[in-house]
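Heads up, work.cif below (mmCIF, C-alpha atoms):
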```
data_query
loop_
_atom_site.label_atom_id
_atom_site.label_comp_id
_atom_site.auth_asym_id
_atom_site.auth_seq_id
_atom_site.Cartn_x
_atom_site.Cartn_y
_atom_site.Cartn_z
CA MET A 219 29.38 -6.42 27.47
CA ALA A 220 27.26 -6.58 30.65
CA TYR A 221 24.76 -9.41 30.80
CA GLN A 222 21.16 -8.20 30.45
CA GLN A 223 18.76 -10.31 32.49
CA GLU A 224 15.41 -11.08 30.93
CA TYR A 225 12.61 -9.02 32.33
CA GLY A 226 9.07 -10.13 32.87
CA ASN A 227 7.38 -8.31 29.99
CA PRO A 228 9.25 -8.73 26.71
CA GLN A 229 8.16 -6.41 23.94
CA LYS A 230 6.01 -8.04 21.31
CA HIS A 231 3.58 -7.01 18.62
CA ARG A 232 -0.06 -6.84 19.72
CA HIS A 233 -1.01 -9.43 17.09
CA SER A 234 1.64 -11.97 18.09
CA ASP A 235 -0.81 -13.69 20.47
CA TYR A 236 -3.01 -14.71 17.57
CA PRO A 237 -2.19 -18.05 15.92
CA ALA A 238 -1.86 -16.57 12.45
CA GLN A 239 -2.09 -13.23 10.71
CA VAL A 240 -1.66 -12.23 7.11
CA GLY A 241 -0.45 -8.82 5.97
CA VAL A 242 -2.84 -7.83 3.22
CA ALA A 243 -2.26 -4.15 2.43
CA LYS A 244 0.68 -1.91 3.15
CA TRP A 245 0.98 1.64 1.91
CA LYS A 246 2.45 4.99 2.84
CA VAL A 247 1.50 8.47 1.74
CA THR A 248 3.79 11.48 2.31
CA LEU A 249 2.43 14.80 1.10
CA GLN A 250 3.70 18.32 1.67
CA ASP A 251 0.90 20.72 0.96
CA VAL A 252 -1.57 23.27 2.18
CA TYR A 253 -4.85 21.68 3.28
CA ASN A 254 -7.78 21.82 5.66
CA LEU A 255 -6.70 19.50 8.48
CA SER A 256 -9.94 19.51 10.47
CA GLN A 257 -11.98 18.71 7.36
CA LEU A 258 -9.71 15.82 6.41
CA TYR A 259 -9.66 14.43 9.97
CA LYS A 260 -13.46 14.53 10.18
CA ALA A 261 -13.81 12.86 6.77
CA LEU A 262 -11.49 10.00 7.77
CA HIS A 263 -13.14 9.66 11.18
CA ASP A 264 -16.64 9.58 9.67
CA TRP A 265 -15.61 7.01 7.06
CA ALA A 266 -14.23 4.71 9.78
CA VAL A 267 -17.45 4.99 11.82
CA GLU A 268 -19.83 4.60 8.86
CA ASN A 269 -18.01 1.53 7.51
CA GLY A 270 -18.01 -0.34 10.81
CA TRP A 271 -14.31 0.10 11.65
CA ALA A 272 -14.95 2.20 14.75
CA ASP A 273 -17.67 2.75 17.32
CA ARG A 274 -20.04 5.70 17.07
CA ASP A 275 -19.33 6.48 20.70
CA GLU A 276 -16.48 9.01 20.75
CA ARG A 277 -15.07 7.55 23.94
CA GLU A 278 -14.57 4.21 22.20
CA PHE A 279 -12.88 5.59 19.08
CA PRO A 280 -9.54 3.73 18.78
CA GLU A 281 -7.10 6.64 18.75
CA VAL A 282 -4.60 4.86 20.96
CA TYR A 283 -1.71 7.33 20.85
CA TYR A 284 -1.34 11.10 20.52
CA PHE A 285 1.89 13.09 20.66
CA ASP A 286 2.31 16.83 20.18
CA LYS A 287 5.50 18.90 20.20
CA ASP A 288 6.36 22.45 19.27
CA THR A 289 9.46 22.75 17.12
CA PRO A 290 11.10 25.78 15.46
CA ILE A 291 9.69 24.73 12.06
CA GLY A 292 6.17 24.18 13.39
CA LYS A 293 4.22 21.61 15.36
CA GLU A 294 5.03 17.94 15.21
CA VAL A 295 1.96 15.75 15.73
CA HIS A 296 1.79 11.98 15.83
CA PHE A 297 -1.38 9.99 16.38
CA TRP A 298 -2.25 6.35 15.83
CA TRP A 299 -5.56 4.72 14.99
CA ARG A 300 -6.00 1.00 15.54
CA LEU A 301 -9.17 0.09 13.69
CA GLU A 302 -10.79 -3.29 14.04
CA LYS A 303 -13.78 -4.86 12.31
CA ALA A 304 -15.61 -8.17 12.42
CA PRO A 305 -16.62 -9.68 9.05
CA GLU A 306 -20.16 -8.78 8.07
CA ASN A 307 -23.04 -11.23 7.69
CA THR A 308 -21.37 -13.98 9.69
CA LYS A 309 -21.30 -15.07 13.31
CA SER A 310 -18.08 -17.00 12.82
CA LYS A 311 -15.03 -15.69 14.70
CA LEU A 312 -12.49 -17.35 12.45
CA PHE A 313 -11.49 -14.09 10.78
CA ARG A 314 -10.97 -10.55 12.02
CA TYR A 315 -9.94 -7.41 10.15
CA PHE A 316 -7.37 -4.94 11.49
CA MET A 317 -6.17 -1.66 10.04
CA ASP A 318 -3.24 0.08 11.76
CA LEU A 319 -2.89 3.74 10.83
CA ASP A 320 0.07 5.89 11.90
CA PHE A 321 -0.40 9.58 11.20
CA LYS A 322 2.52 12.00 11.31
CA LEU A 323 2.33 15.76 10.76
CA LEU A 324 5.61 17.67 10.56
CA GLY A 325 6.02 21.42 10.52
CA LEU A 326 2.33 22.10 11.11
CA LYS A 327 1.68 25.81 10.79
CA ASP A 328 -1.23 28.09 10.10
CA ALA A 329 -1.26 29.46 6.59
CA GLU A 330 -3.30 31.99 4.67
CA ILE A 331 -3.79 31.62 0.96
CA MET A 332 -5.77 33.40 -1.72
CA TYR A 333 -8.47 31.14 -3.11
CA GLN A 334 -10.97 32.38 -5.67
CA GLY A 335 -10.27 35.99 -4.70
CA LYS A 336 -10.71 35.40 -0.95
CA LYS A 337 -8.26 34.94 1.89
CA VAL A 338 -8.67 31.51 3.43
CA LYS A 339 -7.10 30.18 6.64
CA THR A 340 -5.64 26.69 6.30
CA LYS A 341 -2.84 24.50 7.63
CA ARG A 342 0.50 23.81 5.98
CA SER A 343 2.57 20.74 6.84
CA GLU A 344 4.01 17.45 5.74
CA PHE A 345 1.20 14.90 6.06
CA GLU A 346 2.38 11.31 6.37
CA LEU A 347 0.18 8.28 6.86
CA GLU A 348 1.34 4.68 7.04
CA CYS A 349 -1.26 1.93 6.87
CA SER A 350 -1.09 -1.81 7.49
CA GLY A 351 -4.12 -3.90 6.69
CA ILE A 352 -4.01 -7.24 8.51
CA LEU A 353 -6.29 -10.27 8.42
CA VAL A 354 -6.12 -12.27 11.64
CA LEU A 355 -7.02 -15.94 11.45
CA ASP A 356 -8.50 -18.03 14.23
CA TYR A 357 -9.31 -14.87 16.19
CA ASP A 358 -11.10 -16.64 19.05
CA LYS A 359 -8.39 -19.38 19.15
CA THR A 360 -10.94 -22.16 18.68
CA TRP A 361 -8.62 -24.19 16.49
CA SER A 362 -5.38 -23.53 18.36
CA ASN A 363 -6.95 -24.67 21.65
CA SER A 364 -8.46 -27.83 20.17
CA ILE A 365 -7.03 -31.25 19.35
CA PHE A 366 -7.13 -30.34 15.65
CA LYS A 367 -4.62 -27.49 15.97
CA ASN A 368 -2.12 -29.21 13.66
CA TRP A 369 -4.74 -29.31 10.88
CA TRP A 370 -5.48 -25.60 11.04
CA GLU A 371 -3.23 -24.57 8.14
CA LEU A 372 -4.60 -27.34 5.94
CA PHE A 373 -8.13 -26.21 6.78
CA TYR A 374 -7.80 -22.55 5.86
CA LYS A 375 -5.54 -23.14 2.85
CA ARG A 376 -7.69 -25.87 1.31
CA SER A 377 -11.14 -26.21 2.82
CA ILE A 378 -12.03 -22.53 3.19
CA ALA A 379 -9.53 -21.17 0.69
CA ARG A 380 -12.17 -19.15 -1.17
CA GLN A 381 -13.44 -17.51 2.00
CA PHE A 382 -9.84 -16.73 2.97
CA VAL A 383 -9.27 -14.98 -0.38
CA MET A 384 -12.59 -13.14 -0.04
CA HIS A 385 -11.73 -11.79 3.41
CA LYS A 386 -8.29 -10.72 2.19
CA SER A 387 -9.85 -8.77 -0.66
CA VAL A 388 -12.30 -7.06 1.73
CA VAL A 389 -9.42 -5.82 3.91
CA PHE A 390 -7.45 -4.72 0.85
CA GLN A 391 -10.37 -2.84 -0.70
CA ASP A 392 -11.29 -1.08 2.54
CA SER A 393 -7.66 -0.05 3.02
CA MET A 394 -7.51 1.35 -0.53
CA LYS A 395 -10.86 3.13 -0.09
CA PHE A 396 -9.48 4.83 3.02
CA ARG A 397 -6.41 5.86 1.04
CA ASP A 398 -8.61 7.20 -1.74
CA ILE A 399 -10.32 9.63 0.63
CA ILE A 400 -6.96 11.24 1.32
CA MET A 401 -5.89 11.17 -2.34
CA ASP A 402 -9.24 12.61 -3.40
CA HIS A 403 -8.98 15.37 -0.78
CA PHE A 404 -5.57 16.38 -2.11
CA LYS A 405 -6.78 15.95 -5.73
CA LEU A 406 -4.27 13.20 -6.48
CA THR A 407 -4.54 9.82 -8.24
CA THR A 408 -6.88 7.39 -6.51
CA PHE A 409 -6.65 3.60 -6.69
CA MET A 410 -10.23 2.32 -6.76
CA PRO A 411 -12.17 2.89 -9.99
CA GLU A 412 -15.08 4.61 -8.19
CA LYS A 413 -14.85 7.68 -6.01
CA GLU A 414 -15.39 6.87 -2.35
CA GLY A 415 -18.68 8.37 -1.26
CA GLY A 416 -19.09 10.18 -4.55
CA GLU A 417 -18.69 13.90 -3.94
CA TYR A 418 -19.81 13.68 -0.30
CA TYR A 419 -16.41 14.27 1.26
CA LEU A 420 -15.22 17.74 0.43
CA LYS A 421 -12.02 18.16 -1.50
CA ARG A 422 -9.33 20.62 -0.62
CA ASP A 423 -11.48 23.58 -1.63
CA PHE A 424 -10.73 25.58 1.50
CA THR A 425 -14.42 26.44 2.04
CA MET B 152 13.36 -22.21 1.86
CA ALA B 153 12.43 -19.28 -0.39
CA HIS B 154 15.13 -18.32 -2.85
CA LYS B 155 15.05 -14.93 -4.58
CA SER B 156 16.99 -13.84 -7.63
CA ASN B 157 16.97 -10.38 -9.22
CA THR B 158 16.45 -9.82 -12.92
CA PRO B 159 17.98 -6.79 -14.68
CA THR B 160 16.41 -3.44 -13.72
CA LEU B 161 15.06 -1.30 -16.55
CA TYR B 162 15.56 2.48 -16.48
CA ALA B 163 14.02 5.20 -18.62
CA LYS B 164 13.86 8.99 -18.58
CA HIS B 165 11.42 11.23 -20.33
CA ARG B 166 10.85 14.96 -20.52
CA GLY B 167 7.80 16.49 -22.12
CA PHE B 168 4.05 16.86 -21.86
CA PHE B 169 1.99 14.07 -20.27
CA ASP B 170 -0.94 13.38 -17.96
CA VAL B 171 0.55 12.31 -14.62
CA GLU B 172 -2.71 10.95 -13.27
CA LYS B 173 -3.24 8.85 -16.38
CA VAL B 174 0.28 7.39 -16.16
CA ILE B 175 -0.07 6.39 -12.50
CA LYS B 176 -3.59 5.05 -13.04
CA SER B 177 -2.49 2.95 -16.03
CA VAL B 178 0.27 1.33 -13.95
CA GLN B 179 -2.16 0.59 -11.09
CA ASN B 180 -4.68 -0.88 -13.54
CA TRP B 181 -1.95 -2.98 -15.17
CA TYR B 182 -1.27 -4.70 -11.85
CA VAL B 183 -4.98 -5.43 -11.38
CA GLU B 184 -5.62 -6.58 -14.96
CA ASN B 185 -2.62 -8.92 -14.92
CA ASN B 186 -3.91 -10.77 -11.85
CA PHE B 187 -1.26 -9.71 -9.37
CA SER B 188 -2.43 -11.26 -6.10
CA THR B 189 -0.66 -8.75 -3.85
CA ILE B 190 -0.38 -5.06 -4.64
CA HIS B 191 1.35 -2.62 -2.29
CA ILE B 192 1.94 1.08 -2.78
CA PRO B 193 4.71 1.53 -0.19
CA LYS B 194 5.42 5.14 -1.11
CA TYR B 195 3.51 8.10 -2.53
CA LYS B 196 5.41 11.27 -1.83
CA GLN B 197 4.85 14.84 -2.94
CA ASN B 198 7.01 17.79 -1.90
CA PHE B 199 5.88 21.36 -1.32
CA PRO B 200 5.21 23.17 -4.59
CA LYS B 201 8.27 25.18 -5.62
CA PRO B 202 8.67 27.87 -8.29
CA GLU B 203 10.35 25.36 -10.61
CA GLY B 204 7.51 22.83 -10.18
CA ILE B 205 6.21 19.94 -8.08
CA GLU B 206 8.20 16.80 -7.27
CA ARG B 207 6.30 13.54 -6.87
CA GLN B 208 7.49 9.99 -6.23
CA VAL B 209 5.40 6.84 -6.50
CA GLU B 210 6.55 3.31 -5.70
CA MET B 211 4.43 0.26 -6.43
CA HIS B 212 5.05 -3.38 -5.67
CA GLY B 213 3.15 -6.37 -7.02
CA GLU B 214 3.40 -10.13 -6.49
CA LYS B 215 2.03 -12.76 -8.81
CA LYS B 216 1.92 -16.52 -8.26
CA VAL B 217 3.12 -18.29 -11.38
CA THR B 218 3.06 -21.82 -10.01
CA GLY B 219 3.01 -23.37 -6.55
CA TYR B 220 6.83 -23.09 -6.59
CA VAL B 221 7.46 -19.85 -8.52
CA LYS B 222 6.41 -16.28 -7.73
CA MET B 223 7.14 -13.06 -9.61
CA HIS B 224 7.67 -9.65 -7.98
CA ILE B 225 7.55 -6.43 -10.00
CA ASP B 226 8.57 -3.10 -8.41
CA ILE B 227 7.88 0.11 -10.29
CA ILE B 228 9.27 3.50 -9.22
CA LEU B 229 8.06 6.68 -10.94
CA HIS B 230 9.83 9.90 -9.99
CA PHE B 231 8.32 13.07 -11.46
CA PHE B 232 10.25 16.39 -11.43
CA TYR B 233 9.45 20.00 -12.26
CA LEU B 234 5.76 19.31 -12.84
CA ARG B 235 3.68 22.27 -13.98
CA ASP B 236 0.07 22.35 -15.17
CA ILE B 237 -0.33 23.51 -18.74
CA GLU B 238 -3.02 23.64 -21.39
CA LEU B 239 -2.33 22.37 -24.88
CA VAL B 240 -4.37 22.43 -28.06
CA ARG B 241 -4.48 18.96 -29.62
CA ASP B 242 -6.63 18.18 -32.65
CA GLY B 243 -8.44 21.47 -32.14
CA LYS B 244 -9.32 20.71 -28.51
CA LYS B 245 -7.89 22.16 -25.33
CA VAL B 246 -6.26 19.47 -23.21
CA LYS B 247 -5.00 19.87 -19.62
CA LEU B 248 -1.65 18.18 -19.15
CA GLN B 249 1.49 18.51 -17.09
CA GLU B 250 4.96 19.44 -18.28
CA GLY B 251 7.95 17.94 -16.55
CA SER B 252 10.48 15.15 -16.33
CA VAL B 253 10.06 11.59 -15.15
CA ASN B 254 12.50 8.86 -14.16
CA ILE B 255 11.18 5.32 -14.46
CA GLU B 256 12.71 2.31 -12.75
CA ILE B 257 11.32 -1.21 -13.06
CA ALA B 258 12.83 -4.06 -11.08
CA GLY B 259 11.85 -7.72 -11.08
CA VAL B 260 12.49 -10.54 -8.66
CA LEU B 261 11.95 -14.26 -9.21
CA GLU B 262 11.11 -16.12 -6.00
CA LEU B 263 11.38 -19.89 -5.84
CA ASP B 264 9.75 -22.05 -3.18
CA TRP B 265 7.67 -19.11 -1.94
CA GLN B 266 5.48 -21.43 0.16
CA ASN B 267 8.56 -22.73 2.03
CA ARG B 268 7.63 -26.32 1.29
CA PHE B 269 11.30 -27.30 1.22
CA SER B 270 12.13 -25.79 4.60
CA GLY B 271 12.15 -27.22 8.06
CA SER B 272 14.98 -29.71 7.76
CA LYS B 273 18.42 -29.92 6.23
CA PHE B 274 17.35 -32.84 4.07
CA LEU B 275 14.52 -30.83 2.48
CA GLU B 276 16.80 -27.84 1.94
CA ALA B 277 19.39 -30.09 0.30
CA LEU B 278 16.64 -31.57 -1.86
CA ASP B 279 15.53 -28.07 -2.88
CA ASN B 280 19.10 -27.15 -3.70
CA PHE B 281 19.49 -30.22 -5.89
CA TYR B 282 16.13 -29.54 -7.58
CA ARG B 283 17.08 -25.93 -8.40
CA SER B 284 20.69 -26.60 -9.38
CA TYR B 285 20.22 -29.68 -11.56
CA ILE B 286 16.63 -30.55 -12.46
CA ILE B 287 15.07 -27.16 -13.27
CA LYS B 288 18.29 -25.18 -13.75
CA TYR B 289 17.69 -24.45 -17.42
CA LYS B 290 13.98 -23.81 -16.95
CA ILE B 291 14.84 -21.09 -14.42
CA GLY B 292 17.42 -19.44 -16.68
CA ASP B 293 15.67 -19.84 -20.04
CA PHE B 294 12.01 -19.59 -19.12
CA TRP B 295 11.16 -18.01 -15.78
CA ASP B 296 13.89 -15.37 -15.72
CA ASP B 297 12.93 -14.38 -19.26
CA MET B 298 9.25 -14.32 -18.26
CA VAL B 299 9.99 -11.76 -15.53
CA LEU B 300 12.11 -9.69 -17.92
CA ASP B 301 9.37 -9.81 -20.57
CA THR B 302 6.89 -8.60 -17.99
CA GLU B 303 9.18 -5.71 -17.08
CA ILE B 304 9.51 -4.79 -20.77
CA GLU B 305 5.73 -4.97 -21.20
CA VAL B 306 5.07 -2.54 -18.38
CA MET B 307 7.87 -0.23 -19.54
CA ASP B 308 6.28 -0.10 -23.00
CA LEU B 309 2.93 0.68 -21.41
CA ILE B 310 4.38 3.58 -19.40
CA LYS B 311 6.26 4.92 -22.42
CA SER B 312 3.12 4.84 -24.58
CA GLU B 313 1.20 6.75 -21.89
CA LEU B 314 4.01 9.33 -21.77
CA GLY B 315 3.98 9.67 -25.54
CA ALA B 316 7.54 8.41 -25.88
CA GLU B 317 8.78 6.28 -28.75
CA VAL B 318 8.00 2.58 -28.30
CA VAL B 319 9.80 0.06 -30.52
#
```
Go ahead and render the structure in this file as structure tokens.
Amino acid sequence: MAYQQEYGNPQKHRHSDYPAQVGVAKWKVTLQDVYNLSQLYKALHDWAVENGWADRDEREFPEVYYFDKDTPIGKEVHFWWRLEKAPENTKSKLFRYFMDLDFKLLGLKDAEIMYQGKKVKTKRSEFELECSGILVLDYDKTWSNSIFKNWWELFYKRSIARQFVMHKSVVFQDSMKFRDIIMDHFKLTTFMPEKEGGEYYLKRDFT
Amino acid sequence: MAHKSNTPTLYAKHRGFFDVEKVIKSVQNWYVENNFSTIHIPKYKQNFPKPEGIERQVEMHGEKKVTGYVKMHIDIILHFFYLRDIELVRDGKKVKLQEGSVNIEIAGVLELDWQNRFSGSKFLEALDNFYRSYIIKYKIGDFWDDMVLDTEIEVMDLIKSELGAEVV
């Protein structure tokens, strides 16, 4: 086999530069159904903005990747959101929340259905969303650049253990609330005991 | 170094009338009420509705710290087939349920040294090996393995009672 010389920019995960990160939530939803895509997209976008995961300025919204292809069975659309949030009510930069969302739509086609005696135009496709909720520790690298870097693990596992657990639960709950918007839209089983935003986000009523 | 061992997987099948949402919700709540520190839902899949019914698959994974050395993993897979909405009359009241079939699979894993305290050198790994093979050998086989299996049986009984199946 030919020898492959090392090149200057090896591939690595975008979080690998941080001293430590903890995977908190990981879920995947794959649904084949008829639904209102624009309504669902706006609901998810608005939730991210209102809950501090994305900027209100459209130019700063973290949709980092978009791919679109026409196939015989319909359109194939991929787009990625890389949401990021600083913990609330604290100036400390020890913790940072990340939520990586990979959307995939397969066989996207226009569809017309009869709903409550009226013809309604919708979309029909396989809707897949994969989410990773990550808590990054020592975000500003204060500890890893100091003389106490060997004591970092002891610090966050013992001294600020409760805060660590609290931040993990915040990332987990926000991730599940995001999932519940989708599950509520498709009228499926949600995870959190309360409905996210009450009845504000419209369900798949095709109106 | 973390050491994982699988406990027997439990399987069950049921066909009849049940509330799908209630079954899935009860399993999710069971994880939360039993203090599982990590809960993942790695798969929730639903196929296009077909004339014979809807197919839905849900996978859930939970991790619970038993001690600083022992961790329990419980994976639950629910696979619903031929689901159709129906209305039944029970005790004089109309109840909305679903009719269909469900396959249930519950798998457990016992993880030892999940914090990797005995990793980093050959001496520590040898020490861990000795600890597992001689000192706590019978505690693993008689207590912790049985604890995971009991937990699997408990959640299987919960799912069966929600489905309306016979629970012994």
Compute the chain B side of the contact with chain A at 7 Å, counting all atoms listed in the file, and hand it back as a count of residues only. 12
Which residues match the PyMOL selection byres ((chain A and resi 263) around 12) in the file above, as a ChimeraX atom specification? /A:256-262,264-276,279-281,299,301,319,396,399-400,419
For the file shown, report as a CSV table (one decimal) with C-alpha atoms, in the frame of the given file the outcome of the PyMOL selection byres ((chain B and resi 306) around 10) at residue level.
```csv
chain,number,residue,atom,x,y,z
B,177,SER,CA,-2.5,3.0,-16.0
B,178,VAL,CA,0.3,1.3,-14.0
B,181,TRP,CA,-2.0,-3.0,-15.2
B,182,TYR,CA,-1.3,-4.7,-11.8
B,225,ILE,CA,7.6,-6.4,-10.0
B,227,ILE,CA,7.9,0.1,-10.3
B,257,ILE,CA,11.3,-1.2,-13.1
B,301,ASP,CA,9.4,-9.8,-20.6
B,302,THR,CA,6.9,-8.6,-18.0
B,303,GLU,CA,9.2,-5.7,-17.1
B,304,ILE,CA,9.5,-4.8,-20.8
B,305,GLU,CA,5.7,-5.0,-21.2
B,307,MET,CA,7.9,-0.2,-19.5
B,308,ASP,CA,6.3,-0.1,-23.0
B,309,LEU,CA,2.9,0.7,-21.4
B,310,ILE,CA,4.4,3.6,-19.4
B,311,LYS,CA,6.3,4.9,-22.4
B,312,SER,CA,3.1,4.8,-24.6
```
Residue neighbourhood region 282-290 of chain B, 12 Å, all atoms listed in the file, exclusion window fewer than 2 positions, as an mmCIF file with C-alpha atoms, keeping the file's coordinate frame:
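File produced: part_30.cif:
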```
data_model
loop_
_atom_site.group_PDB
_atom_site.id
_atom_site.type_symbol
_atom_site.label_atom_id
_atom_site.label_comp_id
_atom_site.auth_asym_id
_atom_site.auth_seq_id
_atom_site.Cartn_x
_atom_site.Cartn_y
_atom_site.Cartn_z
ATOM 1 C CA MET B 152 13.360 -22.210 1.860
ATOM 2 C CA ALA B 153 12.430 -19.280 -0.390
ATOM 3 C CA HIS B 154 15.130 -18.320 -2.850
ATOM 4 C CA LYS B 155 15.050 -14.930 -4.580
ATOM 5 C CA TYR B 220 6.830 -23.090 -6.590
ATOM 6 C CA VAL B 221 7.460 -19.850 -8.520
ATOM 7 C CA GLU B 262 11.110 -16.120 -6.000
ATOM 8 C CA LEU B 263 11.380 -19.890 -5.840
ATOM 9 C CA ASP B 264 9.750 -22.050 -3.180
ATOM 10 C CA PHE B 269 11.300 -27.300 1.220
ATOM 11 C CA LEU B 275 14.520 -30.830 2.480
ATOM 12 C CA GLU B 276 16.800 -27.840 1.940
ATOM 13 C CA ALA B 277 19.390 -30.090 0.300
ATOM 14 C CA LEU B 278 16.640 -31.570 -1.860
ATOM 15 C CA ASP B 279 15.530 -28.070 -2.880
ATOM 16 C CA ASN B 280 19.100 -27.150 -3.700
ATOM 17 C CA GLY B 292 17.420 -19.440 -16.680
ATOM 18 C CA ASP B 293 15.670 -19.840 -20.040
ATOM 19 C CA PHE B 294 12.010 -19.590 -19.120
ATOM 20 C CA TRP B 295 11.160 -18.010 -15.780
ATOM 21 C CA ASP B 296 13.890 -15.370 -15.720
ATOM 22 C CA ASP B 297 12.930 -14.380 -19.260
ATOM 23 C CA MET B 298 9.250 -14.320 -18.260
#
```
Spatial neighbours of region 371-373 of chain A, max dist 12 Å, all atoms listed in the file, sep filter under 4 positions, as a ChimeraX atom specification: /A:237-239,312,355-356,361-362,366-367,377-382
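The result of the PyMOL selection byres ((chain B and resi 228-239) around 6) on the shown file is Glu203, Gly204, Ile205, Glu206, Arg207, Gln208, Val209, Glu210, Ile227, Val240, Lys245, Val246, Lys247, Leu248, Gln249, Glu250, Gly251, Ser252, Val253, Asn254, Ile255 and Glu256 of chain B.
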Complete the atoms of region 226-242 of chain A to N, CA and C atoms and put them out as a PDB file, keeping the file's coordinate frame.
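Now in out.pdb:
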```pdb
ATOM      1  N   GLY A 226      10.329  -9.395  32.895  1.00  0.00           N
ATOM      2  CA  GLY A 226       9.070 -10.130  32.870  1.00  0.00           C
ATOM      3  C   GLY A 226       8.173  -9.843  31.682  1.00  0.00           C
ATOM      4  N   ASN A 227       8.298  -8.674  31.068  1.00  0.00           N
ATOM      5  CA  ASN A 227       7.380  -8.310  29.990  1.00  0.00           C
ATOM      6  C   ASN A 227       8.151  -7.996  28.712  1.00  0.00           C
ATOM      7  N   PRO A 228       8.513  -9.012  27.950  1.00  0.00           N
ATOM      8  CA  PRO A 228       9.250  -8.730  26.710  1.00  0.00           C
ATOM      9  C   PRO A 228       8.346  -8.010  25.708  1.00  0.00           C
ATOM     10  N   GLN A 229       8.961  -7.148  24.922  1.00  0.00           N
ATOM     11  CA  GLN A 229       8.160  -6.410  23.940  1.00  0.00           C
ATOM     12  C   GLN A 229       7.738  -7.344  22.826  1.00  0.00           C
ATOM     13  N   LYS A 230       6.497  -7.244  22.435  1.00  0.00           N
ATOM     14  CA  LYS A 230       6.010  -8.040  21.310  1.00  0.00           C
ATOM     15  C   LYS A 230       4.884  -7.288  20.625  1.00  0.00           C
ATOM     16  N   HIS A 231       4.643  -7.646  19.393  1.00  0.00           N
ATOM     17  CA  HIS A 231       3.580  -7.010  18.620  1.00  0.00           C
ATOM     18  C   HIS A 231       2.235  -7.436  19.191  1.00  0.00           C
ATOM     19  N   ARG A 232       1.244  -6.543  19.110  1.00  0.00           N
ATOM     20  CA  ARG A 232      -0.060  -6.840  19.720  1.00  0.00           C
ATOM     21  C   ARG A 232      -0.774  -7.991  19.023  1.00  0.00           C
ATOM     22  N   HIS A 233      -0.367  -8.320  17.793  1.00  0.00           N
ATOM     23  CA  HIS A 233      -1.010  -9.430  17.090  1.00  0.00           C
ATOM     24  C   HIS A 233      -0.269 -10.752  17.284  1.00  0.00           C
ATOM     25  N   SER A 234       0.832 -10.747  18.029  1.00  0.00           N
ATOM     26  CA  SER A 234       1.640 -11.970  18.090  1.00  0.00           C
ATOM     27  C   SER A 234       0.947 -13.049  18.912  1.00  0.00           C
ATOM     28  N   ASP A 235      -0.074 -12.681  19.702  1.00  0.00           N
ATOM     29  CA  ASP A 235      -0.810 -13.690  20.470  1.00  0.00           C
ATOM     30  C   ASP A 235      -1.745 -14.507  19.612  1.00  0.00           C
ATOM     31  N   TYR A 236      -2.093 -13.977  18.440  1.00  0.00           N
ATOM     32  CA  TYR A 236      -3.010 -14.710  17.570  1.00  0.00           C
ATOM     33  C   TYR A 236      -2.233 -15.797  16.838  1.00  0.00           C
ATOM     34  N   PRO A 237      -2.895 -16.931  16.570  1.00  0.00           N
ATOM     35  CA  PRO A 237      -2.190 -18.050  15.920  1.00  0.00           C
ATOM     36  C   PRO A 237      -1.610 -17.681  14.561  1.00  0.00           C
ATOM     37  N   ALA A 238      -2.346 -16.891  13.799  1.00  0.00           N
ATOM     38  CA  ALA A 238      -1.860 -16.570  12.450  1.00  0.00           C
ATOM     39  C   ALA A 238      -2.429 -15.243  12.002  1.00  0.00           C
ATOM     40  N   GLN A 239      -1.592 -14.467  11.320  1.00  0.00           N
ATOM     41  CA  GLN A 239      -2.090 -13.230  10.710  1.00  0.00           C
ATOM     42  C   GLN A 239      -1.414 -13.038   9.359  1.00  0.00           C
ATOM     43  N   VAL A 240      -2.155 -12.423   8.467  1.00  0.00           N
ATOM     44  CA  VAL A 240      -1.660 -12.230   7.110  1.00  0.00           C
ATOM     45  C   VAL A 240      -1.658 -10.739   6.807  1.00  0.00           C
ATOM     46  N   GLY A 241      -0.522 -10.220   6.386  1.00  0.00           N
ATOM     47  CA  GLY A 241      -0.450  -8.820   5.970  1.00  0.00           C
ATOM     48  C   GLY A 241      -1.057  -8.689   4.595  1.00  0.00           C
ATOM     49  N   VAL A 242      -2.115  -7.907   4.477  1.00  0.00           N
ATOM     50  CA  VAL A 242      -2.840  -7.830   3.220  1.00  0.00           C
ATOM     51  C   VAL A 242      -2.494  -6.564   2.436  1.00  0.00           C
TER      52      VAL A 242
END
```
